[in-house]
Amino acid sequence: FERPIVFDVRARPHTMTSLTGSKDLQMVNISLRALYKPDHTQLNEIYRSLGPDFDEKVLPSIVNEVLKSVVAQYNASQLIMQRELISRMIRQRLTERAKDFHILLDDVALTHLSFSSEFEKAIEQKQVAQQQAERARYTVLQALEEKKKTIINAEGEMQSAKMIGSAMKHNPGFLELRRIATAKEISISLARSANRLVLSTDSLLLNLMAGGPSQLDAEYALQAKKK
């Protein structure tokens, strides 16, 4: 007497979560989703050795086996930073292992990866410490730049003072010219202001005629006399 056995050869999802240990003894909670189907050329062998519920008999065992063997090769930090590499390795090994039972895997993906609350808290504290160190480093660099800027400004002021002193020594009219330039700047600023101000010309260096004729006036008089 013979009767037909119906197998569904379409790809179906299988999701499994495994708690395993990393190389540095951190507990890792990892979830995996696989799309599987039976090899339609080996259905008679699958039925004879495993039965119609072959997936429930094989997949949990081999998935747990592969996850533990792969995760145990990496530290917790590597599992985070090299997740794509580890996912490819798990996919490759699980595909090869499933073929031993005539099961084909169309896709394998890691859907979740988490650690103990203590480890996650330690990672968070490390990240905070790194951010604080970066801020401190930036503050130090900023202070150094400000120090360089202050030194450059001081050197510039000192050089400027030397040049002004030399100009005043060799040209008595230099001070009068600077006084006129300053008065011009003040007058321009006042002209641009919307407010009306009544200020002392002495305090604003605008009283240019005080103290008698300047050297500049003498030069102008000399030039006019030549003409």
# chains A, B, ... in the order shown; residues from 1 in each chain; ligands from 1
>>> residues_around(residues="Leu104 in chain A", least_positions_apart="2", cutoff="8 Å", atoms="only C-alpha atoms", output="PDB file with N, CA, C and O atoms, in the first residue's frame")
ATOM      1  N   TYR A  36      14.549  29.095   4.525  1.00  0.00           N
ATOM      2  CA  TYR A  36      15.002  27.745   4.192  1.00  0.00           C
ATOM      3  C   TYR A  36      13.949  27.016   3.364  1.00  0.00           C
ATOM      4  O   TYR A  36      12.774  27.383   3.318  1.00  0.00           O
ATOM      5  N   LYS A  37      14.397  25.961   2.708  1.00  0.00           N
ATOM      6  CA  LYS A  37      13.494  25.070   1.974  1.00  0.00           C
ATOM      7  C   LYS A  37      14.205  23.727   1.802  1.00  0.00           C
ATOM      8  O   LYS A  37      15.447  23.666   1.792  1.00  0.00           O
ATOM      9  N   PRO A  38      13.468  22.670   1.642  1.00  0.00           N
ATOM     10  CA  PRO A  38      14.103  21.367   1.439  1.00  0.00           C
ATOM     11  C   PRO A  38      14.618  21.230   0.012  1.00  0.00           C
ATOM     12  O   PRO A  38      14.079  21.827  -0.920  1.00  0.00           O
ATOM     13  N   ASP A  39      15.672  20.450  -0.130  1.00  0.00           N
ATOM     14  CA  ASP A  39      16.189  20.141  -1.468  1.00  0.00           C
ATOM     15  C   ASP A  39      15.211  19.173  -2.139  1.00  0.00           C
ATOM     16  O   ASP A  39      15.057  18.030  -1.697  1.00  0.00           O
ATOM     17  N   THR A  95      24.964  27.681   6.012  1.00  0.00           N
ATOM     18  CA  THR A  95      24.561  27.124   4.711  1.00  0.00           C
ATOM     19  C   THR A  95      25.237  25.779   4.473  1.00  0.00           C
ATOM     20  O   THR A  95      24.595  24.813   4.015  1.00  0.00           O
ATOM     21  N   ALA A  98      23.684  23.133   6.841  1.00  0.00           N
ATOM     22  CA  ALA A  98      22.332  22.713   6.468  1.00  0.00           C
ATOM     23  C   ALA A  98      22.348  21.755   5.282  1.00  0.00           C
ATOM     24  O   ALA A  98      21.453  20.899   5.154  1.00  0.00           O
ATOM     25  N   LYS A  99      23.337  21.891   4.422  1.00  0.00           N
ATOM     26  CA  LYS A  99      23.412  20.994   3.262  1.00  0.00           C
ATOM     27  C   LYS A  99      23.615  19.538   3.687  1.00  0.00           C
ATOM     28  O   LYS A  99      23.241  18.615   2.949  1.00  0.00           O
ATOM     29  N   HIS A 102      20.313  18.171   3.657  1.00  0.00           N
ATOM     30  CA  HIS A 102      19.547  18.423   2.421  1.00  0.00           C
ATOM     31  C   HIS A 102      18.573  19.582   2.591  1.00  0.00           C
ATOM     32  O   HIS A 102      17.455  19.553   2.060  1.00  0.00           O
ATOM     33  N   ASP A 106      18.164  30.187   1.544  1.00  0.00           N
ATOM     34  CA  ASP A 106      18.176  31.282   0.576  1.00  0.00           C
ATOM     35  C   ASP A 106      18.758  32.560   1.176  1.00  0.00           C
ATOM     36  O   ASP A 106      19.347  33.369   0.471  1.00  0.00           O
TER      37      ASP A 106
END
>>> residues_around(residues="Arg83 in chain A", least_positions_apart="3", cutoff="12 Å", atoms="only C-alpha atoms", output="VMD selection string")
chain A and resid 30 70 to 71 74 to 80 86 to 90 109 to 114
>>> closest_residue(among="A:Leu59, A:Ala72, A:Ala11, A:Leu190", to="Gln26 in chain A", atoms="only C-alpha atoms")
A:Ala72
>>> select_by_dssp(residues="range 83-179 of chain A", states="alpha helix (DSSP H)", output="PyMOL selection string")
chain A and resi 83-99+117-170+173-179
>>> select_by_dssp(residues="range 3-203 of chain A", states="strand (DSSP E or B)", output="JSON, numbers by chain")
{"A": [12, 13, 14, 15, 16, 17, 18, 19, 20, 21, 27, 28, 29, 30, 31, 32, 33, 34, 35, 36, 37, 38, 103, 104, 105, 106, 107, 108, 109, 110, 111, 112, 113, 114, 115]}
>>> atom_distance(atom1="CA of Thr20 in chain A", atom2="CA of Ala122 in chain A")
19.3 Å
>>> residues_around(residues="range 60-65 of chain A", least_positions_apart="6", cutoff="8 Å", atoms="only C-alpha atoms", output="list in words")
Met16, Ser18, Leu94, Arg97 and Ala98 of chain A
>>> write_last_selection(atoms="N, CA and C atoms", output="compact mmCIF listing (two decimals), in the first residue's frame")
# COMPACT_ATOMS: atom_id res chain seq x y z
N MET A 16 15.34 32.39 15.29
CA MET A 16 15.81 31.75 16.51
C MET A 16 16.69 32.71 17.28
N SER A 18 19.57 32.97 20.44
CA SER A 18 20.52 32.15 21.20
C SER A 18 21.32 33.03 22.15
N LEU A 94 26.46 28.24 8.26
CA LEU A 94 25.14 27.66 8.44
C LEU A 94 24.63 27.04 7.14
N ARG A 97 26.42 23.76 6.78
CA ARG A 97 25.93 22.78 7.76
C ARG A 97 24.53 22.26 7.38
N ALA A 98 23.68 23.13 6.84
CA ALA A 98 22.33 22.71 6.47
C ALA A 98 22.35 21.76 5.28
>>> residues_around(residues="Asn44 in chain A", least_positions_apart="6", cutoff="10 Å", atoms="only C-alpha atoms", output="PyMOL selection string")
chain A and resi 5+50-51
>>> write_last_selection(atoms="all heavy atoms", output="PDB file, in the first residue's frame")
ATOM      1  N   ILE A   5       3.138  11.609   0.132  1.00  0.00           N
ATOM      2  CA  ILE A   5       3.574  12.494   1.211  1.00  0.00           C
ATOM      3  C   ILE A   5       3.818  13.869   0.591  1.00  0.00           C
ATOM      4  O   ILE A   5       4.632  14.008  -0.331  1.00  0.00           O
ATOM      5  CB  ILE A   5       4.860  11.979   1.885  1.00  0.00           C
ATOM      6  CG1 ILE A   5       4.648  10.548   2.394  1.00  0.00           C
ATOM      7  CG2 ILE A   5       5.274  12.922   2.999  1.00  0.00           C
ATOM      8  CD1 ILE A   5       3.568  10.427   3.441  1.00  0.00           C
ATOM      9  N   LEU A  50      14.511  12.057   8.499  1.00  0.00           N
ATOM     10  CA  LEU A  50      14.085  13.104   9.430  1.00  0.00           C
ATOM     11  C   LEU A  50      12.569  13.191   9.605  1.00  0.00           C
ATOM     12  O   LEU A  50      12.089  13.620  10.653  1.00  0.00           O
ATOM     13  CB  LEU A  50      14.602  14.480   8.954  1.00  0.00           C
ATOM     14  CG  LEU A  50      16.130  14.622   8.871  1.00  0.00           C
ATOM     15  CD1 LEU A  50      16.487  15.946   8.218  1.00  0.00           C
ATOM     16  CD2 LEU A  50      16.763  14.514  10.251  1.00  0.00           C
ATOM     17  N   GLY A  51      11.825  12.831   8.566  1.00  0.00           N
ATOM     18  CA  GLY A  51      10.378  12.939   8.646  1.00  0.00           C
ATOM     19  C   GLY A  51       9.894  14.275   8.094  1.00  0.00           C
ATOM     20  O   GLY A  51      10.679  15.141   7.703  1.00  0.00           O
TER      21      GLY A  51
END
>>> closest_residue(among="A:Met27, A:Val6, A:Ala34, A:Leu67", to="Glu118 in chain A", atoms="only C-alpha atoms")
A:Met27
